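*Asks:* Supplied structure: coords.cif, mmCIF, C-alpha atoms.
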data_structure
#
loop_
_atom_site.label_atom_id
_atom_site.label_comp_id
_atom_site.auth_asym_id
_atom_site.auth_seq_id
_atom_site.Cartn_x
_atom_site.Cartn_y
_atom_site.Cartn_z
CA MET A 1 -10.05 -19.12 5.78
CA THR A 2 -11.89 -16.25 7.43
CA ARG A 3 -14.37 -14.07 5.62
CA GLN A 4 -11.91 -11.13 5.74
CA ALA A 5 -9.13 -13.19 4.17
CA GLY A 6 -11.62 -14.42 1.58
CA TRP A 7 -12.48 -10.83 0.67
CA GLY A 8 -8.78 -10.01 0.40
CA MET A 9 -8.26 -12.88 -2.00
CA CYS A 10 -11.37 -11.87 -3.93
CA ALA A 11 -9.99 -8.33 -4.28
CA ALA A 12 -6.66 -9.69 -5.51
CA LEU A 13 -8.41 -11.96 -7.99
CA MET A 14 -10.55 -9.07 -9.27
CA PHE A 15 -7.36 -7.04 -9.75
CA VAL A 16 -5.68 -9.83 -11.71
CA ILE A 17 -8.76 -10.28 -13.90
CA GLY A 18 -9.24 -6.50 -14.25
CA CYS A 19 -12.23 -4.45 -15.16
CA SER A 20 -14.44 -5.65 -17.94
CA LYS A 21 -13.62 -4.24 -21.34
CA GLY A 22 -16.00 -1.76 -22.86
CA ASN A 23 -16.33 0.41 -19.75
CA ALA A 24 -14.67 3.80 -19.99
CA PRO A 25 -11.67 3.92 -17.65
CA PRO A 26 -12.06 6.35 -14.76
CA LYS A 27 -10.08 9.59 -14.74
CA LEU A 28 -7.24 8.94 -12.28
CA ALA A 29 -4.18 10.82 -11.15
CA ASP A 30 -0.99 9.45 -12.68
CA PRO A 31 0.47 6.54 -10.71
CA VAL A 32 3.82 7.10 -9.00
CA PRO A 33 6.50 4.40 -8.55
CA MET A 34 6.12 2.35 -5.37
CA GLU A 35 7.99 -0.74 -4.21
CA GLY A 36 9.33 -2.38 -1.09
CA THR A 37 10.32 -5.63 0.54
CA VAL A 38 8.45 -8.02 2.79
CA LYS A 39 10.55 -9.82 5.40
CA THR A 40 10.09 -11.56 8.72
CA THR A 41 11.36 -9.99 11.95
CA ASP A 42 14.52 -12.14 11.63
CA GLY A 43 15.21 -10.72 8.14
CA LYS A 44 14.09 -13.66 5.99
CA PRO A 45 12.33 -12.63 2.76
CA ILE A 46 8.72 -13.69 2.35
CA VAL A 47 8.53 -15.22 -1.11
CA GLY A 48 5.33 -15.59 -3.14
CA ALA A 49 3.23 -13.11 -1.14
CA THR A 50 0.60 -10.75 -2.52
CA VAL A 51 0.85 -7.15 -1.30
CA ILE A 52 -2.34 -5.15 -1.78
CA PHE A 53 -2.76 -1.42 -1.18
CA HIS A 54 -6.50 -0.96 -0.48
CA PRO A 55 -7.71 2.59 -1.22
CA LYS A 56 -9.30 4.65 1.50
CA THR A 57 -11.04 6.93 -1.04
CA GLN A 58 -12.78 6.39 -4.38
CA THR A 59 -10.27 8.62 -6.19
CA GLN A 60 -7.74 5.81 -5.87
CA PHE A 61 -10.00 3.38 -7.79
CA HIS A 62 -9.00 -0.25 -6.98
CA GLY A 63 -5.65 0.50 -5.35
CA ALA A 64 -2.62 -1.51 -6.38
CA VAL A 65 -1.04 -4.93 -6.05
CA GLY A 66 2.45 -6.40 -6.12
CA PHE A 67 3.91 -9.89 -5.77
CA THR A 68 7.07 -10.69 -3.84
CA ASP A 69 10.00 -12.34 -5.59
CA ASP A 70 12.77 -14.55 -4.14
CA THR A 71 14.23 -11.58 -2.25
CA GLY A 72 10.86 -10.44 -0.85
CA LYS A 73 10.75 -7.44 -3.21
CA TYR A 74 7.47 -6.23 -4.70
CA VAL A 75 6.65 -3.52 -7.25
CA LEU A 76 3.11 -2.14 -7.32
CA GLU A 77 0.84 -2.01 -10.36
CA SER A 78 -2.51 -0.23 -10.47
CA ASP A 79 -5.69 -1.26 -12.23
CA VAL A 80 -6.48 1.77 -14.40
CA GLY A 81 -9.68 0.38 -15.94
CA ASP A 82 -10.60 -1.21 -19.25
CA GLY A 83 -8.53 -4.30 -18.39
CA LYS A 84 -5.28 -2.32 -18.22
CA THR A 85 -2.66 -1.86 -15.53
CA LYS A 86 0.12 0.67 -15.01
CA LYS A 87 3.23 0.44 -12.90
CA GLY A 88 2.87 2.44 -9.71
CA ILE A 89 0.05 3.69 -7.51
CA VAL A 90 -2.08 6.84 -7.20
CA PRO A 91 -0.81 8.92 -4.23
CA GLY A 92 -2.99 8.87 -1.12
CA GLN A 93 -3.88 6.90 2.00
CA TYR A 94 -4.07 3.10 1.90
CA SER A 95 -4.64 0.11 4.12
CA VAL A 96 -2.05 -2.53 3.23
CA THR A 97 -2.42 -6.31 3.39
CA VAL A 98 0.04 -9.13 2.81
CA ASN A 99 -1.32 -12.55 1.89
CA ARG A 100 0.52 -15.79 1.27
CA LEU A 101 -1.52 -18.86 0.55
CA VAL A 102 0.06 -22.26 1.06
CA LYS A 103 -1.09 -25.72 0.01
CA PRO A 104 -1.51 -28.49 2.61
CA ASP A 105 2.09 -29.63 1.93
CA GLY A 106 3.38 -26.14 2.86
CA THR A 107 4.34 -25.02 -0.65
CA THR A 108 3.30 -21.60 -1.90
CA LEU A 109 0.17 -21.58 -4.02
CA LYS A 110 0.94 -20.27 -7.52
CA ARG A 111 -1.47 -17.57 -8.71
CA ASP A 112 -4.01 -18.98 -11.16
CA PRO A 113 -7.25 -17.01 -11.67
CA ASN A 114 -8.91 -20.18 -12.99
CA VAL A 115 -8.37 -22.25 -9.83
CA PRO A 116 -9.95 -20.96 -6.60
CA PRO A 117 -7.55 -21.37 -3.62
CA MET A 118 -10.09 -23.33 -1.60
CA ASN A 119 -10.25 -25.96 -4.36
CA VAL A 120 -6.70 -27.03 -3.54
CA GLY A 121 -7.02 -26.76 0.24
CA ALA A 122 -4.93 -23.58 0.46
CA LYS A 123 -4.74 -21.68 3.72
CA GLU A 124 -3.53 -18.23 4.66
CA GLU A 125 -0.05 -18.27 6.19
CA MET A 126 0.16 -14.63 7.26
CA PRO A 127 -1.03 -13.51 10.68
CA MET A 128 -4.43 -11.79 10.67
CA LYS A 129 -2.87 -8.42 11.52
CA TYR A 130 -1.28 -8.42 8.05
CA ALA A 131 -3.67 -10.56 5.98
CA SER A 132 -6.84 -8.50 6.39
CA VAL A 133 -7.82 -4.85 6.56
CA ASN A 134 -8.33 -4.21 10.27
CA GLU A 135 -7.74 -1.62 13.02
CA MET A 136 -4.37 -3.15 13.98
CA GLY A 137 -3.23 -3.60 10.38
CA LEU A 138 -0.84 -1.74 8.17
CA THR A 139 -1.50 1.67 6.65
CA PHE A 140 0.63 3.83 4.38
CA ASP A 141 0.35 7.31 2.92
CA VAL A 142 1.81 7.20 -0.59
CA PRO A 143 3.54 10.54 -1.21
CA ALA A 144 3.21 12.47 -4.48
CA ALA A 145 6.70 11.34 -5.52
CA GLY A 146 6.10 7.65 -4.72
CA GLY A 147 8.72 5.75 -2.80
CA THR A 148 9.39 2.64 -0.78
CA PHE A 149 7.34 0.82 1.85
CA ASP A 150 9.23 -2.05 3.49
CA ILE A 151 7.10 -4.40 5.57
CA THR A 152 8.29 -6.52 8.49
CA ILE A 153 6.01 -9.43 9.38
CA ASP A 154 5.90 -10.75 12.94
CA MET A 155 5.05 -14.40 12.29
CA SER A 156 4.30 -14.91 16.00
CA ALA A 157 1.23 -12.63 15.75
CA PRO A 158 -2.16 -14.46 15.89
CA GLN A 159 -2.86 -16.53 12.77
CA ILE A 160 -6.15 -16.61 10.89
#
Transcribe the structure of this file into structure tokens.
*Replies:*
Amino acid sequence: MTRQAGWGMCAALMFVIGCSKGNAPPKLADPVPMEGTVKTTDGKPIVGATVIFHPKTQTQFHGAVGFTDDTGKYVLESDVGDGKTKKGIVPGQYSVTVNRLVKPDGTTLKRDPNVPPMNVGAKEEMPMKYASVNEMGLTFDVPAAGGTFDITIDMSAPQI
């Protein structure tokens, strides 16, 4: 796993764990609904992926994360501080990553904050263009009303 993919997984893990209790939550704009699907170029859903919207400004706090279901659909939730999450995302500009870790046998790694992915030999399945924040990667401007961001993954792009 590359350092960039490692940071992406670290960010996802920090989101799942949340902010430590006792800290006053930051003052954020209200999150707006945001969802989408993640599919390959041939229309197959990508199941068990983590979709992370990485904020481009501090006013968006930690951004938001969603997990794809059996149809490739995700719904974003935002970390709002003090160990709490809210459905949706704060409007603004984001870099977007899609990660899907697989075990050596090819099965999707189930999310477990107590077991680091490298302890089970997991590797990133998504091409680097999608799995890390980079110049060629995905970006999205979340409008004030929220909306939908469907993602098509070209699995023939260079892997990590």
*Asks:* Which residue, A:Lys123, A:Lys44, A:Lys110, A:Lys73, has the smallest gap to Thr148 (chain A) when you use only C-alpha atoms?
*Replies:*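 When distances to Thr148 (chain A) are compared using only C-alpha atoms, the smallest one comes from A:Lys73.
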*Asks:* With 10 Å as the threshold, what does the neighbourhood of (5.3, -12.8, 3.3) contain in terms of residues, counting all atoms listed in the file? Coordinates are those of the file; answer as JSON, numbers by chain.
*Replies:* {"A": [37, 38, 39, 40, 44, 45, 46, 47, 48, 49, 50, 51, 67, 68, 72, 98, 99, 100, 101, 125, 126, 127, 130, 131, 151, 152, 153, 154, 155]}
*Asks:* Pick the closest to Ile89 (chain A) from A:Val102, A:Met128, A:Val142, A:Ala122: which is it, counting only C-alpha atoms?
*Replies:*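 Using only C-alpha atoms, the shortest distance to Ile89 (chain A) belongs to A:Val142.
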*Asks:* Distance CA of His54 (chain A)-CA of Val75 (chain A), one decimal place?
*Replies:*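 CA of Val75 (chain A) lies 15.0 Å from CA of His54 (chain A).
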*Asks:* Of the residues A:Lys103, A:Glu35, A:Asp79, A:Asp42, which is the one nearest to Ser156 (chain A), using only C-alpha atoms?
*Replies:*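 For Ser156 (chain A), the nearest of the given residues is A:Asp42.
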*Asks:* Please determine, counting only C-alpha atoms, which residue among A:Pro55, A:Gly88, A:Gly66, A:Gly83 has the shortest atom-to-atom distance to Ala145 (chain A).
*Replies:*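 Residue with the minimum atom-to-atom distance to Ala145 (chain A): A:Gly88.
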*Asks:* Report, in Å to a single decimal, how far apart CA of Met34 (chain A) and CA of Val65 (chain A) are.
*Replies:* 10.2 Å
*Asks:* Expanded to explicit residues, what is the PyMOL selection byres ((chain A and resi 30) around 12) for this file, as a list in words?
*Replies:*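 Residues picked by the PyMOL selection byres ((chain A and resi 30) around 12): Pro26, Lys27, Leu28, Ala29, Pro31, Val32, Pro33, Thr59, Gln60, Phe61, Glu77, Ser78, Asp79, Val80, Thr85, Lys86, Lys87, Gly88, Ile89, Val90, Pro91, Gly92, Ala144, Ala145 and Gly146 of chain A.
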*Asks:* Just to confirm, what's the straight-line distance from CA of Thr108 (chain A) to CA of Tyr74 (chain A) in Å (one decimal)?
*Replies:* 16.2 Å
*Asks:* Skipping near chain neighbours, those fewer than 2 positions away, what residues fall within 10 Å of region 134-136 of chain A using only C-alpha atoms, listed as a PyMOL selection string?
*Replies:* chain A and resi 4+95-97+128-132+138-139
*Asks:* For the structure provided, state which residues fall under the PyMOL selection byres ((chain A and resi 56) around 6), and present them as a list in words.
*Replies:*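 Taken on the displayed file, the PyMOL selection byres ((chain A and resi 56) around 6) yields the residues Pro55, Thr57, Gln93 and Tyr94 of chain A.
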